[in-house]
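A.B. asks: I have a structure I would like to understand better, so I am pasting it below and will then ask my questions one at a time.
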Amino acid sequence: MKLWDVNGTIKCGHRLYNVQKFIVADNAMDAVTMYRKEHPQAKCLQVHFKYELQKAEPQIIFTNLRKKS
C-alpha cells in the first residue's frame, strides 16, 4: 500500500475550494477513484506519491478544505 496526496478544486456557490485528501491505496488510479466518490465534480486533480506503507486498508485518512477565492 502507498499513501497518496490528492488535491482538487470544487465550486460551491460562487466560491472555489481546494480539497486535499491523504488516501491509502495500491495505485494512483485507485486513490483518484476514492476521491471522486466523495467529490465527483472536482476539477484540476493533482496526485502525488507520499510514501510506502507496510500494512494498511484502502481508506481516506485526512481531508483538508481551503477557500481559494
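Every chain in the C-alpha cells takes a letter, A first, then B, and so on in the order presented; its residues are numbered from 1, and the ligands are numbered from 1 following the presented order.
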I'd like the neighbourhood of range 45-51 of chain A as a ChimeraX atom specification, where a residue qualifies if any of its atoms comes within 8 Å (using only C-alpha atoms), though same-chain residues fewer than 5 positions away should be ignored.
C.D. replies: /A:2-9,28,32
A.B. asks: Pull N, CA, C and O atoms from the residues just selected and write them as a CSV table (one decimal), in the first residue's frame.
C.D. replies:
chain,number,residue,atom,x,y,z
A,2,LYS,N,0.3,2.3,-0.5
A,2,LYS,CA,1.0,3.6,-0.6
A,2,LYS,C,0.1,4.7,-0.1
A,2,LYS,O,-1.1,4.6,-0.2
A,3,LEU,N,0.7,5.8,0.3
A,3,LEU,CA,0.0,7.0,0.7
A,3,LEU,C,0.1,8.0,-0.4
A,3,LEU,O,1.2,8.3,-0.9
A,4,TRP,N,-1.1,8.5,-0.8
A,4,TRP,CA,-1.2,9.4,-1.9
A,4,TRP,C,-1.8,10.7,-1.4
A,4,TRP,O,-2.7,10.7,-0.6
A,5,ASP,N,-1.3,11.8,-1.9
A,5,ASP,CA,-1.8,13.2,-1.6
A,5,ASP,C,-2.6,13.6,-2.9
A,5,ASP,O,-2.0,13.8,-3.9
A,6,VAL,N,-3.9,13.7,-2.8
A,6,VAL,CA,-4.8,14.1,-3.9
A,6,VAL,C,-5.4,15.4,-3.6
A,6,VAL,O,-6.0,15.6,-2.6
A,7,ASN,N,-5.2,16.4,-4.6
A,7,ASN,CA,-5.7,17.7,-4.5
A,7,ASN,C,-6.7,18.0,-5.6
A,7,ASN,O,-6.4,17.6,-6.8
A,8,GLY,N,-7.7,18.7,-5.4
A,8,GLY,CA,-8.7,19.1,-6.4
A,8,GLY,C,-9.4,20.4,-6.1
A,8,GLY,O,-9.4,20.8,-4.9
A,9,THR,N,-10.1,21.0,-7.0
A,9,THR,CA,-10.8,22.2,-6.8
A,9,THR,C,-12.3,21.9,-7.0
A,9,THR,O,-12.7,21.3,-8.0
A,28,ALA,N,-2.3,5.1,-8.0
A,28,ALA,CA,-2.8,6.4,-8.1
A,28,ALA,C,-4.3,6.4,-8.7
A,28,ALA,O,-5.1,7.2,-8.2
A,32,VAL,N,-7.6,8.2,-6.9
A,32,VAL,CA,-8.5,9.1,-7.6
A,32,VAL,C,-9.9,8.6,-7.6
A,32,VAL,O,-10.8,9.4,-7.4
A.B. asks: Taking the backbone alone, and naming residues the way the document does, which bits of range 7-69 of chain A are strand (DSSP E) by DSSP, as an MDAnalysis selection string?
C.D. replies: chainID A and resid 7:12 15:25 43:52 59:67
A.B. asks: Excluding Ile60 in chain A and any residue of its chain fewer than 4 positions from it, enumerate the residues within 12 Å of it, using only C-alpha atoms, and give them as a PyMOL selection string.
C.D. replies: chain A and resi 2-6+20-25+30-38+56+64
A.B. asks: Just C-alpha atoms for this one: save the residues we selected as a PDB file, in the first residue's frame.
C.D. replies:
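Resulting contents of selection.pdb:
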ATOM      1  CA  LYS A   2       1.024   3.586  -0.614  1.00  0.00           C
ATOM      2  CA  LEU A   3      -0.010   6.959   0.743  1.00  0.00           C
ATOM      3  CA  TRP A   4      -1.212   9.419  -1.914  1.00  0.00           C
ATOM      4  CA  ASP A   5      -1.831  13.168  -1.615  1.00  0.00           C
ATOM      5  CA  VAL A   6      -4.764  14.067  -3.900  1.00  0.00           C
ATOM      6  CA  GLN A  20      -6.839  17.916  -0.157  1.00  0.00           C
ATOM      7  CA  LYS A  21      -7.062  14.272   0.900  1.00  0.00           C
ATOM      8  CA  PHE A  22      -4.441  11.757   2.020  1.00  0.00           C
ATOM      9  CA  ILE A  23      -5.555   8.379   0.684  1.00  0.00           C
ATOM     10  CA  VAL A  24      -4.154   4.901   1.275  1.00  0.00           C
ATOM     11  CA  ALA A  25      -4.397   2.886  -1.954  1.00  0.00           C
ATOM     12  CA  ASP A  30      -7.483   3.782  -7.010  1.00  0.00           C
ATOM     13  CA  ALA A  31      -6.760   6.933  -4.993  1.00  0.00           C
ATOM     14  CA  VAL A  32      -8.455   9.123  -7.616  1.00  0.00           C
ATOM     15  CA  THR A  33     -11.454   6.767  -7.697  1.00  0.00           C
ATOM     16  CA  MET A  34     -11.888   7.078  -3.907  1.00  0.00           C
ATOM     17  CA  TYR A  35     -11.544  10.876  -4.160  1.00  0.00           C
ATOM     18  CA  ARG A  36     -14.136  11.029  -6.984  1.00  0.00           C
ATOM     19  CA  LYS A  37     -16.667   9.056  -4.883  1.00  0.00           C
ATOM     20  CA  GLU A  38     -16.876  11.979  -2.449  1.00  0.00           C
ATOM     21  CA  ALA A  56      -2.990  -0.829   5.677  1.00  0.00           C
ATOM     22  CA  ASN A  64      -8.368  19.478   4.315  1.00  0.00           C
TER      23      ASN A  64
END
A.B. asks: Mind pulling up the distance from CA of Phe62 in chain A to CA of Arg15 in chain A?
C.D. replies: 22.2 Å
A.B. asks: Can you tell me which residues surround Ile10 in chain A at a distance of at most 7 Å, considering only C-alpha atoms, apart from same-chain residues fewer than 6 positions away, and format the answer as a list in words?
C.D. replies: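 With the cut-off at 7 Å, the set is Leu16, Tyr17, Asn18, Gln41, Ala42 and Lys43 of chain A.
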A.B. asks: Dump C-alpha atoms for the selected residues as a PDB file, in the first residue's frame?
C.D. replies:
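Produced file selection-v2.pdb, reproduced below:
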ATOM      1  CA  LEU A  16     -13.889  27.857  -5.076  1.00  0.00           C
ATOM      2  CA  TYR A  17     -12.379  25.477  -2.543  1.00  0.00           C
ATOM      3  CA  ASN A  18      -9.224  23.378  -2.635  1.00  0.00           C
ATOM      4  CA  GLN A  41     -17.451  17.456  -9.617  1.00  0.00           C
ATOM      5  CA  ALA A  42     -13.796  18.164  -8.666  1.00  0.00           C
ATOM      6  CA  LYS A  43     -11.535  19.738 -11.308  1.00  0.00           C
TER       7      LYS A  43
END
A.B. asks: Between A:Gln59, A:Cys44, A:Met1, A:Arg66, which one has atoms that come closest to Asn27 in chain A, using only C-alpha atoms?
C.D. replies: A:Met1
A.B. asks: Measure the distance from CA of Glu57 in chain A to CA of Val19 in chain A in Å and round it to one decimal.
C.D. replies: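 Spanning CA of Glu57 in chain A to CA of Val19 in chain A is a straight-line distance of 21.8 Å.
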A.B. asks: Just list the residues in chain A DSSP gives helix (DSSP H, G or I) on the backbone, as a PDB file with N, CA and C atoms, in the first residue's frame.
C.D. replies:
ATOM      1  N   ALA A  28      -2.268   5.107  -8.011  1.00  0.00           N
ATOM      2  CA  ALA A  28      -2.833   6.443  -8.144  1.00  0.00           C
ATOM      3  C   ALA A  28      -4.280   6.412  -8.656  1.00  0.00           C
ATOM      4  N   MET A  29      -4.593   5.503  -9.555  1.00  0.00           N
ATOM      5  CA  MET A  29      -5.955   5.436 -10.094  1.00  0.00           C
ATOM      6  C   MET A  29      -6.964   5.049  -9.015  1.00  0.00           C
ATOM      7  N   ASP A  30      -6.597   4.151  -8.117  1.00  0.00           N
ATOM      8  CA  ASP A  30      -7.483   3.782  -7.010  1.00  0.00           C
ATOM      9  C   ASP A  30      -7.700   4.974  -6.076  1.00  0.00           C
ATOM     10  N   ALA A  31      -6.643   5.747  -5.844  1.00  0.00           N
ATOM     11  CA  ALA A  31      -6.760   6.933  -4.993  1.00  0.00           C
ATOM     12  C   ALA A  31      -7.700   7.957  -5.622  1.00  0.00           C
ATOM     13  N   VAL A  32      -7.577   8.176  -6.920  1.00  0.00           N
ATOM     14  CA  VAL A  32      -8.455   9.123  -7.616  1.00  0.00           C
ATOM     15  C   VAL A  32      -9.895   8.628  -7.588  1.00  0.00           C
ATOM     16  N   THR A  33     -10.099   7.337  -7.736  1.00  0.00           N
ATOM     17  CA  THR A  33     -11.454   6.767  -7.697  1.00  0.00           C
ATOM     18  C   THR A  33     -12.105   7.013  -6.332  1.00  0.00           C
ATOM     19  N   MET A  34     -11.349   6.822  -5.246  1.00  0.00           N
ATOM     20  CA  MET A  34     -11.888   7.078  -3.907  1.00  0.00           C
ATOM     21  C   MET A  34     -12.191   8.561  -3.721  1.00  0.00           C
ATOM     22  N   TYR A  35     -11.335   9.425  -4.244  1.00  0.00           N
ATOM     23  CA  TYR A  35     -11.544  10.876  -4.160  1.00  0.00           C
ATOM     24  C   TYR A  35     -12.815  11.265  -4.927  1.00  0.00           C
ATOM     25  N   ARG A  36     -12.976  10.705  -6.130  1.00  0.00           N
ATOM     26  CA  ARG A  36     -14.136  11.029  -6.984  1.00  0.00           C
ATOM     27  C   ARG A  36     -15.454  10.544  -6.384  1.00  0.00           C
ATOM     28  N   LYS A  37     -15.431   9.515  -5.525  1.00  0.00           N
ATOM     29  CA  LYS A  37     -16.667   9.056  -4.883  1.00  0.00           C
ATOM     30  C   LYS A  37     -17.261  10.150  -4.009  1.00  0.00           C
ATOM     31  N   GLU A  38     -16.396  10.916  -3.328  1.00  0.00           N
ATOM     32  CA  GLU A  38     -16.876  11.979  -2.449  1.00  0.00           C
ATOM     33  C   GLU A  38     -17.047  13.309  -3.168  1.00  0.00           C
TER      34      GLU A  38
END
